[in-house]
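Written below as structure tokens is the structure these notes are about.
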Amino acid sequence: MQDSYSSTDIVNAIAQASALLSSRKEEINRLNVFPVPDGDTGTNMSLTLESVVAGLKALPAEAGRADVRKAIVSGALMGARGNSGVITSQILRGLCEGSEDCERFDAGSIAASFKRAVEVAFQAVRKPVEGTILTVLYDTAQVASACAADGLNTNEALDAVVSEAYASVQRTPDFLPVLKENNVVDAGGFGLAILLDGFSAAIQGRSESVGEGLLVGADAPRVEIEQIDDWEGSDYRYCNEFLVDSDDLDPEQALDFLQTMGDCELCVGAAPKFKVHVHSNHPDQVLKYFLDRGQVSEVFIHNMDLQSQDRARMLADEGEIKAQAPQPEPDRPIGFVAVAPGDGNAAILKSLGVDVVVSGGQTMNPSTKDLYEATEKVPSECVVILPNNSNIVMAANSACELSKKQCAVVPTTSVPQAFAAMFAVDAQASLEQNVEAMAEAASEVKTGEVTVAIKNSKDAHKNKIRKGDVIGIADGSIEAVGKTVEDVVMKLLEAMDARDADTLTLLAGRDYGDEQLSELAQRIEGEFPDLEVDPQRGGQPLYPVVFSVE
């Protein structure tokens, strides 16, 4: 098993861990003993990680480790929501700071990262409470340190940290009576365990995380997840959170002030960017204090009393709503996800039975997270992904490995191949049988693509191509060069032996007009009288014409 990981491996693992956390956020939310006051823990933690992933995606390909760490810290701080989100941002900050002087990702750097994470996270909370996310963090840090001292390899250390995180979560009711009374574990600690579990599984290339259900490897009785509906209010009405830009703000003095305003006070970050969170009855006074010391942005003020009343009404009506609601139709045995550029292509795919179309293609490859989330939206336990581009096949495979559903990839490399694959679907056949039939149907489709060269080059036969020339690509090989789209289409059809084919599907690009499409179809029919031509609007960018011959 691999025991050395690059920055790219770590970034990809963070993205997959974020996806796992998002997929289980409602499970975490149901653990909140106070389900409304600070927003829901799972939602807040997942939003924080999604902001981190967005920041990492924006990095250039050549970004170094320092840039990656900076993006994680900044993304977490900017995206943090609620108490749990802010504390999560500080844990991530500490993990990054602890790894700054480490040359490689191993048991030693894991221990150093967790040690610093404990320091930063505990500094952020004025009154740390046992039995919370901080306890889980502290316990995992202790195990990480022991792994480094014992000379364990990277994967062994990661597995040990994850196991301890889940075990620590199970112990949280022993510290907080309110958890034991309500038969739940700490929501924030559980979210952290899931996050660590997702990261460890992804970076080690496992398709499944360690945590099946709530807890793994503990001797104590299992703590069940259940909804707690008995919140009777808080001492303070408003949840306030916002960003402060200031070169002069003293965080300690700010915390002293916030303590006079309410509870759950946090002021984290470093000049010039801080994140503030507090429960208070006087948001006007809270804002004035920070406005006098800098610039305030991203202000969120939630009335927790009203939120609680809304939640109570919702729960009271839930039984009646369920009774009145029509019974949903059974899920289809197999659902489909496809990647496609252009509204027209998406509409055609949906008309053929694709459930979710992810926007993307040659110049905008969707991430593993994008494809994973698409599979989660499909109302079927079995899902087939059609990547429709060779550059997306690996991400599709990764999404399948991450998904808890039965998931498979038909490695289509073009949208026309996906059309043929969907025609081969048999609702009565198994997932494996459908994948085989769809792959065979896709393989019989020849795809032609016409675009404009962006630099000087050579075609498949070593002929020169100049920047601005129109080029025709047959299944990845440049087989035609010319000055107009129409001439290149005709050359490409000859190169692809279209005279031996039966049907031709033409997909017009976003900037290729209806009149041009009609004239092109007529020209093809005139020169290839035995070919049945079906012109459609695909709407794809950069490629005026994409077509298939079968």
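Just so we're on the same page: first chain in the structure tokens is A, next is B, and so on; residues restart at 1 for each chain, and ligands are numbered from 1 in the order they show up.
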Sel. of helix (DSSP H, G or I) residues, stretch 130-167 of chain A, as a VMD selection string
chain A and resid 133 to 149 154 to 167
Close residues, A:Val86 itself excluded, 8 Å, only C-alpha atoms, min 4 positions apart in chain, as a list in words
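My reading of the contact set: Ala76, Leu77, Ala80, Arg81, Gly82, Gln90, Leu266, Val268 and Lys275 of chain A.
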Which residue is closest to A:Glu252? Choose from A:Thr135, A:Gln123, A:Ser163, A:Thr451 and count only C-alpha atoms.
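Ranked by minimum distance to A:Glu252, first place goes to A:Gln123.
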What are the closest atom pairs, with distances in Å to one decimal, for all residues of stretch 18-73 of chain A lying within 8 Å of stretch 196-208 of chain A? Consider only C-alpha atoms, order rows by chain and residue number, and present the result as a Markdown table.
| residue | atom | partner | partner_atom | distance |
| --- | --- | --- | --- | --- |
| A:Ser18 | CA | A:Gly198 | CA | 7.7 |
| A:Leu20 | CA | A:Gly198 | CA | 6.1 |
| A:Leu21 | CA | A:Gly198 | CA | 7.6 |
Go ahead and dump the residues you just picked, N, CA, C and O atoms, as a compact mmCIF listing (two decimals), in the first residue's frame.
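What follows is the written file part07.txt:
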# COMPACT_ATOMS: atom_id res chain seq x y z
N SER A 18 -14.86 16.18 1.96
CA SER A 18 -15.92 17.18 1.99
C SER A 18 -17.21 16.60 1.43
O SER A 18 -18.30 16.83 1.98
N LEU A 20 -18.13 13.46 1.42
CA LEU A 20 -18.69 12.52 2.39
C LEU A 20 -19.39 13.26 3.52
O LEU A 20 -20.49 12.89 3.94
N LEU A 21 -18.75 14.33 4.02
CA LEU A 21 -19.35 15.12 5.09
C LEU A 21 -20.69 15.71 4.64
O LEU A 21 -21.67 15.68 5.38
Quick one: pull the distance between atom CA of A:Leu158 and atom CA of A:Pro60, Å, one decimal.
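Between these atoms lies a distance of 28.2 Å.
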How many Å lie between atom CA of A:Ala474 and atom CA of A:Ala508, rounded to one decimal?
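Pair atom CA of A:Ala474 / atom CA of A:Ala508 returns 16.6 Å.
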Have a look at atom CA of A:Asp250 and atom CA of A:Ala124 and let me know their distance in Å, one decimal.
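Interatomic distance, atom CA of A:Asp250 to atom CA of A:Ala124: 13.3 Å.
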Find the nearest atom pair between each residue of stretch 124-151 of chain A and stretch 178-186 of chain A for residues within 9 Å, count only C-alpha atoms, give distances in Å to one decimal, sort rows by chain and ascending number, and present the table as CSV.
residue,atom,partner,partner_atom,distance
A:Gly131,CA,A:Asp186,CA,6.9
A:Thr132,CA,A:Asp186,CA,5.8
A:Ile133,CA,A:Asp186,CA,7.1
Per DSSP on the backbone, what are the strand (DSSP E) residues of stretch 405-491 of chain A, as a ChimeraX atom specification?
/A:406-409,446-452,457-458,464-465,470-474,477-482
Residue nearest A:Leu352 among A:Val161, A:Ala495, A:Val410, A:Ala424 (counting only C-alpha atoms)
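Among A:Val161, A:Ala495, A:Val410, A:Ala424, it is A:Ala424 that comes nearest to A:Leu352.
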If we count only C-alpha atoms, what is near stretch 481-486 of chain A at a cut-off of 7 Å, once residues fewer than 3 positions away on the same chain are taken out, given as a short mmCIF file (atom, residue, chain, number, x, y, z; two decimals) with N, CA, C and O atoms, in the first residue's frame?
data_model
loop_
_atom_site.label_atom_id
_atom_site.label_comp_id
_atom_site.auth_asym_id
_atom_site.auth_seq_id
_atom_site.Cartn_x
_atom_site.Cartn_y
_atom_site.Cartn_z
N VAL A 450 -15.62 19.29 -34.86
CA VAL A 450 -15.03 20.35 -35.67
C VAL A 450 -14.84 21.58 -34.80
O VAL A 450 -15.77 22.03 -34.12
N ASP A 469 -6.92 27.80 -38.28
CA ASP A 469 -7.48 26.84 -39.22
C ASP A 469 -8.64 26.08 -38.57
O ASP A 469 -8.64 25.83 -37.36
N VAL A 470 -9.61 25.68 -39.40
CA VAL A 470 -10.67 24.81 -38.91
C VAL A 470 -10.17 23.37 -39.02
O VAL A 470 -9.64 22.97 -40.06
N ILE A 471 -10.32 22.62 -37.94
CA ILE A 471 -9.82 21.24 -37.92
C ILE A 471 -10.94 20.26 -37.60
O ILE A 471 -11.89 20.58 -36.88
N GLY A 472 -10.83 19.05 -38.17
CA GLY A 472 -11.80 18.00 -37.91
C GLY A 472 -11.15 16.84 -37.19
O GLY A 472 -10.11 16.33 -37.63
N VAL A 489 -16.25 19.48 -42.31
CA VAL A 489 -17.21 18.41 -42.02
C VAL A 489 -17.24 17.40 -43.16
O VAL A 489 -17.21 16.18 -42.94
N MET A 490 -17.26 17.90 -44.40
CA MET A 490 -17.32 16.99 -45.55
C MET A 490 -16.05 16.14 -45.65
O MET A 490 -16.11 14.93 -45.90
N LEU A 520 -26.02 22.97 -43.96
CA LEU A 520 -25.04 21.89 -43.84
C LEU A 520 -25.72 20.54 -43.99
O LEU A 520 -25.21 19.63 -44.68
#
Hey, what's within 7 Å of A:Ala111 if we count only C-alpha atoms and toss same-chain stuff fewer than 6 positions away? As an mmCIF file with N, CA, C and O atoms, in the first residue's frame, please?
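around.cif was written with the following content:
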data_model
loop_
_atom_site.group_PDB
_atom_site.id
_atom_site.type_symbol
_atom_site.label_atom_id
_atom_site.label_comp_id
_atom_site.auth_asym_id
_atom_site.auth_seq_id
_atom_site.Cartn_x
_atom_site.Cartn_y
_atom_site.Cartn_z
ATOM 1 N N ALA A 141 -5.288 13.613 18.654
ATOM 2 C CA ALA A 141 -3.928 14.147 18.668
ATOM 3 C C ALA A 141 -3.016 13.284 19.533
ATOM 4 O O ALA A 141 -1.844 13.048 19.189
ATOM 5 N N ALA A 144 -2.228 10.220 17.515
ATOM 6 C CA ALA A 144 -1.305 10.554 16.426
ATOM 7 C C ALA A 144 0.126 10.653 16.948
ATOM 8 O O ALA A 144 1.070 10.184 16.297
ATOM 9 N N SER A 145 0.295 11.251 18.113
ATOM 10 C CA SER A 145 1.617 11.376 18.721
ATOM 11 C C SER A 145 2.197 9.999 19.049
ATOM 12 O O SER A 145 3.380 9.722 18.808
ATOM 13 N N ALA A 148 3.454 8.201 15.886
ATOM 14 C CA ALA A 148 4.761 8.683 15.434
ATOM 15 C C ALA A 148 5.869 8.110 16.309
ATOM 16 O O ALA A 148 6.916 7.687 15.816
#
Of the listed residues A:Gly294, A:Gln536, A:Asp263, A:Glu26, that which approaches A:Ile348 most closely, counting only C-alpha atoms
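Checking each candidate against A:Ile348, we get A:Gln536 as the closest.
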Of the residues A:Leu386, A:Ala187, A:Lys464, A:Val136, which is the one nearest to A:Ala167, using only C-alpha atoms?
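Checking each of A:Leu386, A:Ala187, A:Lys464, A:Val136 against A:Ala167, counting only C-alpha atoms, the winner is A:Val136.
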What's the 10 Å shell around A:Asp530, counting only C-alpha atoms, without same-chain residues fewer than 6 positions away, as an MDAnalysis selection string?
chainID A and resid 498:503
Written selection (all heavy atoms) as an mmCIF file, in the first residue's frame:
data_model
loop_
_atom_site.group_PDB
_atom_site.id
_atom_site.type_symbol
_atom_site.label_atom_id
_atom_site.label_comp_id
_atom_site.auth_asym_id
_atom_site.auth_seq_id
_atom_site.Cartn_x
_atom_site.Cartn_y
_atom_site.Cartn_z
ATOM 1 N N ALA A 498 -18.135 7.551 -44.012
ATOM 2 C CA ALA A 498 -19.560 7.777 -43.779
ATOM 3 C C ALA A 498 -20.443 7.139 -44.846
ATOM 4 O O ALA A 498 -21.633 6.899 -44.602
ATOM 5 C CB ALA A 498 -19.838 9.277 -43.704
ATOM 6 N N ARG A 499 -19.889 6.834 -46.026
ATOM 7 C CA ARG A 499 -20.705 6.218 -47.077
ATOM 8 C C ARG A 499 -21.138 4.795 -46.700
ATOM 9 O O ARG A 499 -22.102 4.260 -47.255
ATOM 10 C CB ARG A 499 -19.937 6.201 -48.392
ATOM 11 C CG ARG A 499 -19.655 7.604 -48.909
ATOM 12 C CD ARG A 499 -19.079 7.611 -50.309
ATOM 13 N NE ARG A 499 -18.646 8.971 -50.646
ATOM 14 C CZ ARG A 499 -19.471 9.934 -51.054
ATOM 15 N NH1 ARG A 499 -20.762 9.685 -51.164
ATOM 16 N NH2 ARG A 499 -18.999 11.138 -51.354
ATOM 17 N N ASP A 500 -20.443 4.216 -45.739
ATOM 18 C CA ASP A 500 -20.805 2.869 -45.292
ATOM 19 C C ASP A 500 -21.732 2.901 -44.076
ATOM 20 O O ASP A 500 -22.128 1.839 -43.576
ATOM 21 C CB ASP A 500 -19.545 2.078 -44.938
ATOM 22 C CG ASP A 500 -18.638 1.863 -46.146
ATOM 23 O OD1 ASP A 500 -19.171 1.788 -47.269
ATOM 24 O OD2 ASP A 500 -17.407 1.791 -45.942
ATOM 25 N N ALA A 501 -22.056 4.096 -43.606
ATOM 26 C CA ALA A 501 -22.889 4.231 -42.413
ATOM 27 C C ALA A 501 -24.353 4.420 -42.795
ATOM 28 O O ALA A 501 -24.690 4.662 -43.958
ATOM 29 C CB ALA A 501 -22.408 5.416 -41.573
ATOM 30 N N ASP A 502 -25.226 4.288 -41.806
ATOM 31 C CA ASP A 502 -26.674 4.426 -42.041
ATOM 32 C C ASP A 502 -27.219 5.768 -41.574
ATOM 33 O O ASP A 502 -28.081 6.353 -42.225
ATOM 34 C CB ASP A 502 -27.425 3.298 -41.327
ATOM 35 C CG ASP A 502 -27.044 1.928 -41.852
ATOM 36 O OD1 ASP A 502 -26.918 1.789 -43.088
ATOM 37 O OD2 ASP A 502 -26.857 1.014 -41.027
ATOM 38 N N THR A 503 -26.760 6.225 -40.396
ATOM 39 C CA THR A 503 -27.328 7.445 -39.812
ATOM 40 C C THR A 503 -26.231 8.425 -39.406
ATOM 41 O O THR A 503 -25.118 8.025 -39.054
ATOM 42 C CB THR A 503 -28.196 7.119 -38.582
ATOM 43 O OG1 THR A 503 -27.368 6.501 -37.585
ATOM 44 C CG2 THR A 503 -29.338 6.203 -38.941
#
Pick out the residues sitting within 10 Å of A:Leu504, and hand them over as a PyMOL selection string; count only C-alpha atoms, and ignore anything fewer than 3 positions along from it in its own chain.
chain A and resi 446-447+493+498+501+507+521+524-525+531-535+547-550
